[in-house]
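The block underneath contains the structure these notes are about, expressed in structure tokens.
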Amino acid sequence: MGYLDNTSITVDAILTKRGRELLARGDGSFNITQFALADDEIDYTLFNENHPNGSQFFGEAIENMPLLEAIPDENNIMIHKLVTLPRGTTKMPIVTANVSKIQLSLGASTSVNPNTLNFQGLANVTEPGGYLATIADRRLLVAFEGVGGATATTTARPFSNSALSETIRGTSFSLSAINSTTLFGTNTKLLTTLTIEGVDSGARVTIPVEITKEVIATSNTQGVTGVTLT
Amino acid sequence: MATYNRLNPEDTAVSTDKVVSNTWSNDVNILTTQIFTASVQAASTTATSQGNFFIEVYTSASNQTVPNGGGTEIQGEGNPEFTVSYGHKTGLGAANFTNTAGALENTATKCIYRQYAQLVFGDENSNFVFNGHEPSGIYVVNISRARYKHGLKAGSLNLKLDDGNSTAYTLTDDSITLTGSAVVTNLGRQFNLVEGTDGVMTGTNLNQSTNANKGSYGFVYPEAGVIIFNEDALIDEDTGTHFIVPTGNTNEKMNLKMVGAIQRGASFELDSEERVSSQYMFVRVKNGEYNYSSNPSYIDTNGNLNNTTMVDSPTTYVTTVGLYNDDNNLLAVAKLSQPLKKDFTTEALVRVKLDY
């Protein structure tokens with residue numbers, strides 16, 4: 001007769017850049033209320049279903065893998081979230097958007113509408129919980145708002161001289177590029193990313209965002225001057 | 001279908017723990033002979049020179065050029081460990097700021113005395129009285145803020161003074177002898193500076209210098225990182241002329257006398273303490289939760305599971321725990337040391353600790 005394992009796993013958390021910023025604000029926005037799990041670093045092609053020693057060893061390579069320390073950039077961690085789905089699910093949800101790249105000139109605006117494939121057996125739906133849209137460098141936008149669904153409260157944006165992300169919630173999102181050229185320096189364009197994640201599905205898509213110093217108008221514009229959607 | 005789980009009130013706990021560490025730079029426990037000053041900082045050429053107010057003490061030094069043709073000499077460098085000041089009730093030991101009638105005969109030493117009296121007592125009338133004895137002068141050792149966290153640990157002070165004439169003696173606070181009870185001042189708790197070690201006073205009388213009539217050696221203020229010495233007790237202990245009463249309104253560099261006694265003593269031990277508040281979050285994962293992944297290697301481009309055995313027995317490997325607010329902002333993140341296997345037959349409890 002052996003002893004039962006009564007240990008729990010203990011891990012040390014670090015604040016993200018966003019966490020530090022909200023903590024510094026002191027307005028109550030730093031309030032941990034929920035958690036999510038992710039399997040960043042895991043490559044499931046290491047899961048060997050043909051392992052000669054049997055099913056107990058399918059995950060041998062993954063289970064023995066040492067993991068890296070956490071990094072404080074919220075844009076580069078918790079990338080691949082784990083999801084709660086009914087047993088027997090064969091197809092995982094996939095988030096898509098109406099654009100694969102966003103190109104904005106100074107002061108131009110556009111909107112992004114995400115959808116989810118394979119959501120609860122349906123081909124193409126809007127998730128009931130909505131979507132989370134994260135702009136990696138919010139300095140590049142003068143307006144970044146979510147529309148529809150459980151839209152998260154927009155808070156005042158304190159001045160920041162370095163790139164900080166901002167996350168909003170909605171079923172579609174509108175973006176307006178900055179009007180000034182201060183951040184450009186000698187560059188002709190500034191790059192960032194917009195990551196859209198399904199609140200219910202955890203699936204995500206990352207869309208490159210390019211803000212150009214010049215006002216552009218191509219044949220591919222969709223009604224708004226200076227906006228190119230491809 | 002969900003990716004975020006709410007933490008219930010019973011899933012979080014807050015704990016505050018006391019952490020004690022060495023005060024001195026590079027985690028040094030006891031300062032010995034590596035004690036330096038910098039003549040540039042300690043200069044006392046004019047009445048308002050910084051060196052008349054305080055002298056910074058360092059533990060590292062290098063050969064540096066002294067201004068005004070002073071050549072080169074070993075000079076303290078880096079961040080100061082502590083500063084030493086001398087204060088006098090009437091301003092002796094330093095030159096008058098202004099030598100004219102009506103100038104109140106203010107000097108650097110008078111400023112220091114009134115500055116610390118104001119900090120401790122909060123009024124303009126009180127003077128330092130050590131167990132019934134009121135000296136004219138005080139020495140002050142002020143630990144640099146960067147060297148201690150929330151305060152000094154009471155009972156950890158062991159400072160050996162050697163005036164070069166009498167036998168070296170070790171001073172400590174009397175916090176252990178008094179079982180922690182202290183006079184509470186504007187500068188926090190006040191313990192007596194007495195002869196002894198590790199917070200335990202030698203003997204029973206606070207007046208411990210040679211003639212035992214000059215009061216205690218001083219006061220220790222752990223919260224402020226300040227030690228105030230009774231000048232008369234030090235003079236009483238000194239059989240020679242190292243510690244002396246200042247004679248007039250000239251820059252006598254009185255604070256260097258205390259630096260010299262600490263240097264010769266070659267043993268200054270002090271611990272600092274910090275209260276660390278930790279928030280514990282118990283992340284409980286039920287058997288039916290988090291068994292599927294949005295990891296691209298988990299699925300093909302159409303969303304089909306890559307591994308056929310996972311259709312019947314979906315398996316994931318947890319590596320990261322993210323903590324969010326209501327707006328889904330990622331506030332804190334924790335990584336596991338090894339991937340944690342999760343399927344429909346297992347549950348997990350992960351205790352996440354977040355220090356502030």
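Going through the structure tokens in order, the chains are called A, B, and so on, while each chain numbers its residues from 1 and the ligands are numbered from 1 in the order shown.
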Next on the checklist: Using DSSP assignments from the backbone, pull out every residue in segment 92-276 of chain B that falls under strand (DSSP E) and give it to me as a ChimeraX atom specification.
Outcome noted: /B:137-143,151-152,158-161,169-173,183-185,188-197,200-201,218-221,226-230,268-269,271-276
Write out, as JSON lines, each residue of chain B that has an atom at most 6 Å from chain A, together with the closest pair of atoms and their distance in Å to one decimal, counting only C-alpha atoms, rows going by chain and rising number.
```
{"residue": "B:Met1", "atom": "CA", "partner": "A:Leu85", "partner_atom": "CA", "distance": 5.1}
{"residue": "B:Ala2", "atom": "CA", "partner": "A:Asp200", "partner_atom": "CA", "distance": 4.5}
{"residue": "B:Thr3", "atom": "CA", "partner": "A:Val83", "partner_atom": "CA", "distance": 4.9}
{"residue": "B:Tyr4", "atom": "CA", "partner": "A:Ala36", "partner_atom": "CA", "distance": 4.9}
{"residue": "B:Asn5", "atom": "CA", "partner": "A:Gln34", "partner_atom": "CA", "distance": 5.4}
{"residue": "B:Arg6", "atom": "CA", "partner": "A:Gln34", "partner_atom": "CA", "distance": 4.1}
{"residue": "B:Leu7", "atom": "CA", "partner": "A:Gln34", "partner_atom": "CA", "distance": 5.0}
{"residue": "B:Glu289", "atom": "CA", "partner": "A:Thr84", "partner_atom": "CA", "distance": 4.7}
{"residue": "B:Tyr290", "atom": "CA", "partner": "A:Thr84", "partner_atom": "CA", "distance": 4.5}
{"residue": "B:Tyr292", "atom": "CA", "partner": "A:Val83", "partner_atom": "CA", "distance": 5.0}
{"residue": "B:Ser293", "atom": "CA", "partner": "A:Leu82", "partner_atom": "CA", "distance": 4.3}
{"residue": "B:Ser294", "atom": "CA", "partner": "A:His80", "partner_atom": "CA", "distance": 5.3}
{"residue": "B:Asn295", "atom": "CA", "partner": "A:His80", "partner_atom": "CA", "distance": 4.9}
{"residue": "B:Ser297", "atom": "CA", "partner": "A:Tyr44", "partner_atom": "CA", "distance": 5.3}
{"residue": "B:Tyr298", "atom": "CA", "partner": "A:Tyr44", "partner_atom": "CA", "distance": 5.6}
{"residue": "B:Gly303", "atom": "CA", "partner": "A:Met92", "partner_atom": "CA", "distance": 4.6}
{"residue": "B:Asn304", "atom": "CA", "partner": "A:Lys91", "partner_atom": "CA", "distance": 4.5}
{"residue": "B:Val311", "atom": "CA", "partner": "A:Thr90", "partner_atom": "CA", "distance": 5.8}
{"residue": "B:Tyr317", "atom": "CA", "partner": "A:Asp39", "partner_atom": "CA", "distance": 5.8}
{"residue": "B:Val318", "atom": "CA", "partner": "A:Asp39", "partner_atom": "CA", "distance": 5.0}
{"residue": "B:Thr319", "atom": "CA", "partner": "A:Asp39", "partner_atom": "CA", "distance": 4.9}
{"residue": "B:Thr320", "atom": "CA", "partner": "A:Ala38", "partner_atom": "CA", "distance": 5.1}
{"residue": "B:Val321", "atom": "CA", "partner": "A:Leu37", "partner_atom": "CA", "distance": 4.8}
{"residue": "B:Gly322", "atom": "CA", "partner": "A:Ala36", "partner_atom": "CA", "distance": 5.2}
{"residue": "B:Leu323", "atom": "CA", "partner": "A:Phe35", "partner_atom": "CA", "distance": 4.6}
{"residue": "B:Tyr324", "atom": "CA", "partner": "A:Gln34", "partner_atom": "CA", "distance": 5.2}
{"residue": "B:Asn325", "atom": "CA", "partner": "A:Ile32", "partner_atom": "CA", "distance": 4.7}
{"residue": "B:Asp327", "atom": "CA", "partner": "A:Ala152", "partner_atom": "CA", "distance": 5.8}
{"residue": "B:Leu331", "atom": "CA", "partner": "A:Gly19", "partner_atom": "CA", "distance": 3.9}
{"residue": "B:Ala332", "atom": "CA", "partner": "A:Leu15", "partner_atom": "CA", "distance": 4.2}
{"residue": "B:Val333", "atom": "CA", "partner": "A:Ala13", "partner_atom": "CA", "distance": 5.2}
{"residue": "B:Ala334", "atom": "CA", "partner": "A:Ala13", "partner_atom": "CA", "distance": 4.1}
{"residue": "B:Lys335", "atom": "CA", "partner": "A:Ala70", "partner_atom": "CA", "distance": 5.5}
{"residue": "B:Ser337", "atom": "CA", "partner": "A:Leu67", "partner_atom": "CA", "distance": 5.6}
{"residue": "B:Gln338", "atom": "CA", "partner": "A:Pro66", "partner_atom": "CA", "distance": 5.4}
{"residue": "B:Pro339", "atom": "CA", "partner": "A:Glu63", "partner_atom": "CA", "distance": 5.5}
{"residue": "B:Leu349", "atom": "CA", "partner": "A:Ser8", "partner_atom": "CA", "distance": 5.8}
{"residue": "B:Val350", "atom": "CA", "partner": "A:Ile9", "partner_atom": "CA", "distance": 4.9}
{"residue": "B:Arg351", "atom": "CA", "partner": "A:Thr10", "partner_atom": "CA", "distance": 4.6}
{"residue": "B:Val352", "atom": "CA", "partner": "A:Val11", "partner_atom": "CA", "distance": 5.0}
{"residue": "B:Lys353", "atom": "CA", "partner": "A:Asp12", "partner_atom": "CA", "distance": 4.8}
{"residue": "B:Leu354", "atom": "CA", "partner": "A:Ala13", "partner_atom": "CA", "distance": 5.1}
```
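Closest approach to Thr241 of chain B among B:Arg147, B:Gly164, B:Leu171, B:Val183: B:Gly164, based on only C-alpha atoms.
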Checklist entry - Which residues come within 8 Å of Val57 of chain B, counting only C-alpha atoms, excluding same-chain residues fewer than 6 positions away, as a VMD selection string? => result chain B and resid 35 to 38 76 80 to 84 259
Let's have the selection written as an mmCIF file, in the first residue's frame, with N, CA, C and O atoms.
```cif
data_model
loop_
_atom_site.group_PDB
_atom_site.id
_atom_site.type_symbol
_atom_site.label_atom_id
_atom_site.label_comp_id
_atom_site.auth_asym_id
_atom_site.auth_seq_id
_atom_site.Cartn_x
_atom_site.Cartn_y
_atom_site.Cartn_z
ATOM 1 N N ILE B 35 35.263 49.911 3.448
ATOM 2 C CA ILE B 35 34.432 51.087 3.686
ATOM 3 C C ILE B 35 35.178 52.311 3.179
ATOM 4 O O ILE B 35 36.289 52.597 3.630
ATOM 5 N N PHE B 36 34.578 52.996 2.214
ATOM 6 C CA PHE B 36 35.257 54.120 1.576
ATOM 7 C C PHE B 36 34.363 55.359 1.566
ATOM 8 O O PHE B 36 33.139 55.246 1.552
ATOM 9 N N THR B 37 35.005 56.509 1.551
ATOM 10 C CA THR B 37 34.287 57.747 1.285
ATOM 11 C C THR B 37 34.861 58.342 0.004
ATOM 12 O O THR B 37 35.872 57.856 -0.504
ATOM 13 N N ALA B 38 34.231 59.373 -0.494
ATOM 14 C CA ALA B 38 34.724 60.047 -1.692
ATOM 15 C C ALA B 38 34.981 61.498 -1.344
ATOM 16 O O ALA B 38 34.054 62.214 -0.960
ATOM 17 N N GLY B 76 35.562 56.295 -3.062
ATOM 18 C CA GLY B 76 34.375 55.444 -3.069
ATOM 19 C C GLY B 76 33.578 55.675 -4.340
ATOM 20 O O GLY B 76 33.537 56.785 -4.871
ATOM 21 N N PRO B 80 25.900 54.543 -2.651
ATOM 22 C CA PRO B 80 26.283 54.582 -1.241
ATOM 23 C C PRO B 80 25.500 53.571 -0.409
ATOM 24 O O PRO B 80 24.325 53.305 -0.684
ATOM 25 N N GLU B 81 26.180 53.015 0.601
ATOM 26 C CA GLU B 81 25.517 52.074 1.513
ATOM 27 C C GLU B 81 24.754 52.847 2.589
ATOM 28 O O GLU B 81 23.639 52.505 2.936
ATOM 29 N N PHE B 82 25.414 53.860 3.109
ATOM 30 C CA PHE B 82 24.759 54.686 4.128
ATOM 31 C C PHE B 82 25.442 56.047 4.160
ATOM 32 O O PHE B 82 26.504 56.231 3.541
ATOM 33 N N THR B 83 24.825 56.978 4.838
ATOM 34 C CA THR B 83 25.435 58.289 5.008
ATOM 35 C C THR B 83 25.638 58.539 6.501
ATOM 36 O O THR B 83 24.920 57.984 7.342
ATOM 37 N N VAL B 84 26.638 59.345 6.795
ATOM 38 C CA VAL B 84 26.919 59.701 8.183
ATOM 39 C C VAL B 84 26.840 61.220 8.310
ATOM 40 O O VAL B 84 27.411 61.949 7.506
ATOM 41 N N VAL B 259 32.703 57.846 10.774
ATOM 42 C CA VAL B 259 33.136 56.969 9.680
ATOM 43 C C VAL B 259 34.413 56.233 10.088
ATOM 44 O O VAL B 259 34.538 55.018 9.877
#
```
Item to check | Distance query segment 206-214 of chain B at most 12 Å, only C-alpha atoms, self and fewer than 4 positions along chain excluded, as a PyMOL selection string | outcome: chain B and resi 129-136+166-167+169-174+177-178+191-196+200-202+218-219+229-239
Item to check | Pairwise distance for atom CA of Glu56 of chain B and atom CA of Gln41 of chain B, rounded to one decimal in Å | outcome: 7.3 Å
Item to check | Spatial neighbours of Thr195 of chain A, 8 Å, only C-alpha atoms, chain gap at least 2 places, as a PyMOL selection string | outcome: chain A and resi 132-136+193+197+204-207
Could those selected residues go to a file with N, CA and C atoms, as a CSV table (one decimal), in the first residue's frame?
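Output contents, as saved in out11.csv:
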```
chain,number,residue,atom,x,y,z
A,132,LEU,N,-12.7,38.8,-29.3
A,132,LEU,CA,-11.7,39.7,-28.7
A,132,LEU,C,-10.8,40.2,-29.8
A,133,ALA,N,-10.6,41.4,-29.9
A,133,ALA,CA,-9.7,42.0,-30.9
A,133,ALA,C,-8.6,42.7,-30.2
A,134,THR,N,-7.4,42.3,-30.5
A,134,THR,CA,-6.2,42.9,-29.8
A,134,THR,C,-5.3,43.6,-30.8
A,135,ILE,N,-5.1,44.9,-30.7
A,135,ILE,CA,-4.2,45.6,-31.5
A,135,ILE,C,-2.8,45.6,-30.7
A,136,ALA,N,-1.8,45.2,-31.4
A,136,ALA,CA,-0.5,45.0,-30.7
A,136,ALA,C,0.1,46.4,-30.3
A,193,THR,N,-0.1,44.3,-35.6
A,193,THR,CA,-1.0,43.2,-36.0
A,193,THR,C,-2.3,43.4,-35.2
A,197,GLU,N,-9.8,36.8,-31.6
A,197,GLU,CA,-10.0,35.5,-31.0
A,197,GLU,C,-11.5,35.3,-30.6
A,204,ARG,N,-8.3,31.7,-33.2
A,204,ARG,CA,-7.8,33.0,-33.5
A,204,ARG,C,-7.2,33.2,-34.9
A,205,VAL,N,-7.2,34.4,-35.3
A,205,VAL,CA,-6.6,34.7,-36.6
A,205,VAL,C,-5.9,36.1,-36.4
A,206,THR,N,-4.7,36.1,-37.0
A,206,THR,CA,-3.9,37.4,-36.9
A,206,THR,C,-3.8,38.0,-38.2
A,207,ILE,N,-4.1,39.3,-38.2
A,207,ILE,CA,-4.2,40.1,-39.5
A,207,ILE,C,-3.1,41.2,-39.4
```
